[in-house]
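Novice: I'd like to ask you about the structure that follows.
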Amino acid sequence: MICCLNPDCPNPLNSDKKKLCQTCSTPLVPLLRNRFRVIRVLSDEGGFGRTYLSEDTDKLNERCVIKQLAPKFQGTWSQKKAVELFAEEAKRLQELGEHPQIPTLLAYFEQDNCLYLVQQFVNGQNLLNELQRRKLYKPGEIQAILLHLLPVLKFIHDRGVIHRDIKPENIIRRHGDGRLSLIDFGSSKQLTARVQKKIGTSIGSHGYSPLEQIRDGKAYPASDLFGLGATCFHLLTGVSPFQLWMEYGYGWVSNWRQYLRSPLSGELDYVLDKLLRKDIQQRYQSADEVIRELTPKQILALPPAGKSSGKIPVTKVSSLPIKYTLLKNVVLVSALILLFGIQDSWYQQYRRVHTVLWSRLSQNRSSSSESVAEQSPNLTLKNISLAKVLQGHERLVLSVAISPDSQIFASSGDSVIKVWNLATGKEIATLKGHFQRVNVVAISPDGGTLVSGSDDKTIKIWDLPTGELVRTLRGHSDSIQAIAISPDGATLVSGSDDHSIRLWDMATGRLRRTLRGHTSWVRSLDISPDGGTLVSGSFDKTIKIWDLNKAVFIDTLGEDAETVTDVAFSPDGLTLASASRDRTIKLWNLATKQKTQTLAENAETVTNIAFNPDNTILVSGGRDRTIKLWNLATGKEMRTLMGHADTVTSVAISPDGQTLVSSSEDNTIMIWRVSP
């Protein structure tokens with residue numbers, strides 16, 4: 001079928017052989033700009049044009065969206081304003097499309113007296129359609145939506161742009177991974193601009209746009225936050241802010257709670273109320289303020305009693321008075337913080353006290369009991385204890401990597417990488433270059449190079465001794481989440497949320513090959529000790545094996561019941577360990593491709609795993625805030641290390657086997673030492 005591009009055509013679909021539209025006799029265009037094939041109409045833009053679903057023939061018929069501007073009244077103020085806003089939208093997409101939750105601009109051109117804007121197609125369903133299907137959202141889902149979209153708003157606001165039309169129709173949940181994308185930047189503008197109060201000026205949607213935007217034509221970051229609050233209200237109650245605005249104007253925002261079907265938590269109630277303030281001065285002024293309001297409360301929550309592992313702890317506690325005294329101190333500190341308010345200084349004090357108390361409790365438990373594991377001279381991590389707690393990143397810490405000489409380590413989480421002295425815990429350097437969150441770091445086998453992967457879709461290679469940026473690798477179309485370096489240091493492998501794996505030449509930065517096969521995010525990679533095999537784990541619930549030298553697919557290692565969160569080769573290269581959201585760790589024989597063992601089920605998802613150097617212990621971190629040590633000979637849990645107050649995001653063991661480093665969403669890094 002071929003689609004007629006006349007925006008007034010009531011029946012635009014025609015058979016491929018037609019030269020003229022069978023309905024309106026307009027000449028049909030097989031390919032726009034000899035590249036884009038229009039498939040069908042997605043929406044009508046009220047006489048100014050249409051939005052079409054299309055295919056990009058230059059990209060193997062990849063789906064894309066084409067917005068058409070075809071104003072009827074040439075030379076009028078409305079036509080000029082429409083052209084101006086259309087051009088601004090293209091410019092905004094070009095600037096902002098590097099964010100994985102904003103569509104990328106593919107092209108912008110004029111043809112046959114019409115303007116066309118081509119952008120990435122987001123395959124999913126907008127939240128309004130989702131609401132109509134499922135009726136209501138739970139409070140926890142609303143909080144998740146806030147935490148998913150607030151970083152996107154921070155991103156655009158930091159670049160001097162406000163969206164001005166935040167509403168459920170402009171938020172799409174992607175099929176497959178569930179990620180929320182923000183679309184339709186047709187109303188966006190620079191913060192310094194002023195909207196002329198003339199007929200035809202696009203200023204947002206009634207009910208979702210705040211008073212200063214509707215009445216004065218002025219918009220600020222706080223204006224977008226009102227739209228986000230109104231969107232959350234709509235999803236939570238099923239009541240349309242537009243209908244309320246039509247009946248009550250802005251009076252509804254002071255009585256929004258009357259539409260709730262059940263009370264909200266104090267935290268979410270407070271946040272929504274402040275987002276919906278009619279007076280902009282009483283509203284949140286930045287996305288960061290809302291993020292801080294939502295995030296600390298989650299970190300402050302203590303581990304539920306008796307639920308850290310779903311069974312009796314690994315070690316028996318003999319000193320009950322000490323245990324309860326420490327717990328009482330934790331609760332007391334929490335109460336004081338909540339009483340006096342959670343300012344940054346109070347919160348940092350709380351985090352330090354909380355961490356120390358819990359680590360002392362953990363040490364007391366282990367020192368006053370007997371391990372359930374069999375005694376073995378090879379269990380080098382049997383006598384491990386917390387040595388240092390480090391802070392330095394702005395928020396959560398996502399990744400740690402230790403140098404081959406066990407002298408330094410690197411960490412990432414915000415937009416910077418920090419390098420630390422492993423022995424002293426002192427910060428050596430802060431590497432800046434990424435402009436979004438750094439998800440993963442790795443250090444080359446010779447210890448001379450640091451590699452980082454980020455949400456900004458780039459990989460950066462750093463000279464570790466000097467901290468200088470060597471080069472930036474571009475090619476992925478979404479966040480980089482996993483990195484592995486071959487044992488000879490010649491090949492860099494990256495895994496991305498764009499579902500692909502890329503092989504790079506470490507010396508030149510040249511892309512060698514792109515491996516495709518996963519159908520969802522690639523979140524974990526590891527290379528065998530001999531450098532011949534690459535293994536990848538994905539949110540598509542599969543583990544794939546690749547020949548690294550030939551860059552070809554070998555096999556799929558079973559189908560996991562849940563998302564694969566991490567993979568790791570044993571030091572001898574004979575065994576692969578995998579972790580997944582089914583709360584288990586599986587061990588695989590790589591020669592037979594068969595599962596040999598499943599380690600005991602955890603209370604929460606296992607997020608990361610690592611083998612110790614002598615291949616006797618597997619270390620795992622998880623959402624239950626603990627680090628577990630597993631005896632590979634018996635398959636039994638040896639120790640549980642407690643101290644982190646939120647999800648453990650990464651664990652790394654030094655090559656000399658004497659130090660374990662862990663990172664967490666609680667914004668701490670912990671250094672654990674093996675005692676003689």
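Letters for chains follow the order of the structure tokens (A, B, ...), residue numbers begin at 1 for each chain, and ligand numbers begin at 1 in the order shown.
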Excluding same-chain residues fewer than 2 positions from Ile2 in chain A, what lies within 8 Å of it counting only C-alpha atoms, as a VMD selection string?
Specialist: chain A and resid 4 13 to 16 28 to 30 37 to 39
Novice: Would you output that residue set with N, CA and C atoms, as a PDB file, in the first residue's frame?
Specialist:
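Written file, selection-v1.pdb:
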ATOM      1  N   CYS A   4      -1.352   8.426   0.592  1.00  0.00           N
ATOM      2  CA  CYS A   4      -1.451   9.768   0.031  1.00  0.00           C
ATOM      3  C   CYS A   4      -1.011  10.789   1.071  1.00  0.00           C
ATOM      4  N   LEU A  13      -5.055   5.622   1.867  1.00  0.00           N
ATOM      5  CA  LEU A  13      -4.362   4.396   1.481  1.00  0.00           C
ATOM      6  C   LEU A  13      -4.734   3.980   0.059  1.00  0.00           C
ATOM      7  N   ASN A  14      -3.685   3.634  -0.738  1.00  0.00           N
ATOM      8  CA  ASN A  14      -3.859   3.219  -2.126  1.00  0.00           C
ATOM      9  C   ASN A  14      -2.995   1.994  -2.397  1.00  0.00           C
ATOM     10  N   SER A  15      -3.344   1.264  -3.447  1.00  0.00           N
ATOM     11  CA  SER A  15      -2.509   0.126  -3.833  1.00  0.00           C
ATOM     12  C   SER A  15      -1.196   0.634  -4.417  1.00  0.00           C
ATOM     13  N   ASP A  16      -0.171  -0.199  -4.365  1.00  0.00           N
ATOM     14  CA  ASP A  16       1.181   0.204  -4.773  1.00  0.00           C
ATOM     15  C   ASP A  16       1.268   0.637  -6.232  1.00  0.00           C
ATOM     16  N   LEU A  28       0.839  10.467  -6.053  1.00  0.00           N
ATOM     17  CA  LEU A  28       1.370   9.681  -4.941  1.00  0.00           C
ATOM     18  C   LEU A  28       2.897   9.686  -4.957  1.00  0.00           C
ATOM     19  N   VAL A  29       3.505   9.722  -3.778  1.00  0.00           N
ATOM     20  CA  VAL A  29       4.969   9.759  -3.638  1.00  0.00           C
ATOM     21  C   VAL A  29       5.425   8.434  -3.039  1.00  0.00           C
ATOM     22  N   PRO A  30       6.082   7.568  -3.825  1.00  0.00           N
ATOM     23  CA  PRO A  30       6.515   6.261  -3.289  1.00  0.00           C
ATOM     24  C   PRO A  30       7.511   6.396  -2.141  1.00  0.00           C
ATOM     25  N   ARG A  37       9.434   5.509   3.183  1.00  0.00           N
ATOM     26  CA  ARG A  37       8.178   4.985   2.647  1.00  0.00           C
ATOM     27  C   ARG A  37       7.078   5.191   3.693  1.00  0.00           C
ATOM     28  N   VAL A  38       6.069   5.981   3.361  1.00  0.00           N
ATOM     29  CA  VAL A  38       4.969   6.270   4.284  1.00  0.00           C
ATOM     30  C   VAL A  38       3.985   5.107   4.265  1.00  0.00           C
ATOM     31  N   ILE A  39       3.663   4.577   5.451  1.00  0.00           N
ATOM     32  CA  ILE A  39       2.808   3.397   5.551  1.00  0.00           C
ATOM     33  C   ILE A  39       1.352   3.764   5.815  1.00  0.00           C
TER      34      ILE A  39
END
Novice: Counting only C-alpha atoms, which residue out of A:Leu235, A:Leu464, A:Leu590, A:Ala90 sits closest to Asp555 in chain A?
Specialist: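 For Asp555 in chain A, the nearest of the candidates is A:Leu590.
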Novice: Quote the spacing between CA of Gln119 in chain A and CA of Asp540 in chain A in Å to one decimal place.
Specialist: 25.8 Å
Novice: Tell me, as a ChimeraX atom specification, which residues lie within 9 Å of range 147-156 of chain A, counting only C-alpha atoms; anything in the same chain fewer than 2 positions away does not count.
Specialist: /A:96,99,101-102,142-145,158-163,179-182,221,224-225,228,286-288,290-291,294-295,436
Novice: Given the choices A:Val470, A:Ala442, A:Ala87, A:Ile669, which gets closest to Lys426 in chain A if the distance is worked out from only C-alpha atoms?
Specialist: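 Between A:Val470, A:Ala442, A:Ala87, A:Ile669, the residue approaching Lys426 in chain A most closely is A:Ile669.
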Novice: With distances taken over only C-alpha atoms, which of A:Ala222, A:Asn6, A:Ala551, A:Pro100 is nearest to Asp456 in chain A?
Specialist: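 With only C-alpha atoms as the atom set, the closest residue is A:Pro100.
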Novice: What does the distance between CA of Val83 in chain A and CA of Gly186 in chain A come to in Å, to one decimal place?
Specialist: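 Computed distance, CA of Val83 in chain A to CA of Gly186 in chain A, equals 10.7 Å.
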Novice: Within 10 Å of Ser528 in chain A, counting only C-alpha atoms, which residues qualify if same-chain residues fewer than 2 places away don't, as a VMD selection string?
Specialist: chain A and resid 486 to 487 526 530 to 535 548 568 to 576
Novice: Separation of CA of Thr542 in chain A and CA of Arg437 in chain A, in Å?
Specialist: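 Separation of CA of Thr542 in chain A and CA of Arg437 in chain A: 25.9 Å.
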Novice: Taking only C-alpha atoms into account, name the residue in A:Met670, A:Ile183, A:Leu557, A:Leu244 that is nearest to His206 in chain A.
Specialist: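 The closest residue to His206 in chain A is A:Leu244.
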Novice: If you run DSSP on the backbone, which residues of range 26-275 of chain A are alpha helix (DSSP H), as a ChimeraX atom specification?
Specialist: /A:77-96,127-134,139-158,211-216,221-237,241-248,266-275
Novice: Using only C-alpha atoms, which protein or nucleic acid residues come within 6 Å of Ser403 in chain A? Drop anything in the same chain fewer than 5 positions from it, and give the result as a list in words.
Specialist: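 What passes the distance filter is Ile408, Phe409 and Gly447 of chain A.
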Novice: Would you please give, as JSON, numbers by chain, all residues of range 406-650 of chain A that DSSP assigns to strand (DSSP E or B) based on the backbone?
Specialist: {"A": [408, 409, 410, 411, 412, 416, 417, 418, 419, 420, 421, 427, 428, 429, 430, 431, 432, 438, 439, 440, 441, 442, 443, 449, 450, 451, 452, 453, 454, 458, 459, 460, 461, 462, 463, 468, 469, 470, 471, 472, 473, 474, 480, 481, 482, 483, 484, 485, 491, 492, 493, 494, 495, 496, 500, 501, 502, 503, 504, 505, 511, 512, 513, 514, 515, 516, 522, 523, 524, 525, 526, 527, 533, 534, 535, 536, 537, 538, 542, 543, 544, 545, 546, 547, 552, 553, 554, 555, 556, 557, 558, 559, 564, 565, 566, 567, 568, 569, 575, 576, 577, 578, 579, 580, 585, 586, 587, 588, 589, 594, 595, 596, 597, 598, 599, 606, 607, 608, 609, 610, 611, 617, 618, 619, 620, 621, 622, 627, 628, 629, 630, 631, 636, 637, 638, 639, 640, 641, 648, 649, 650]}
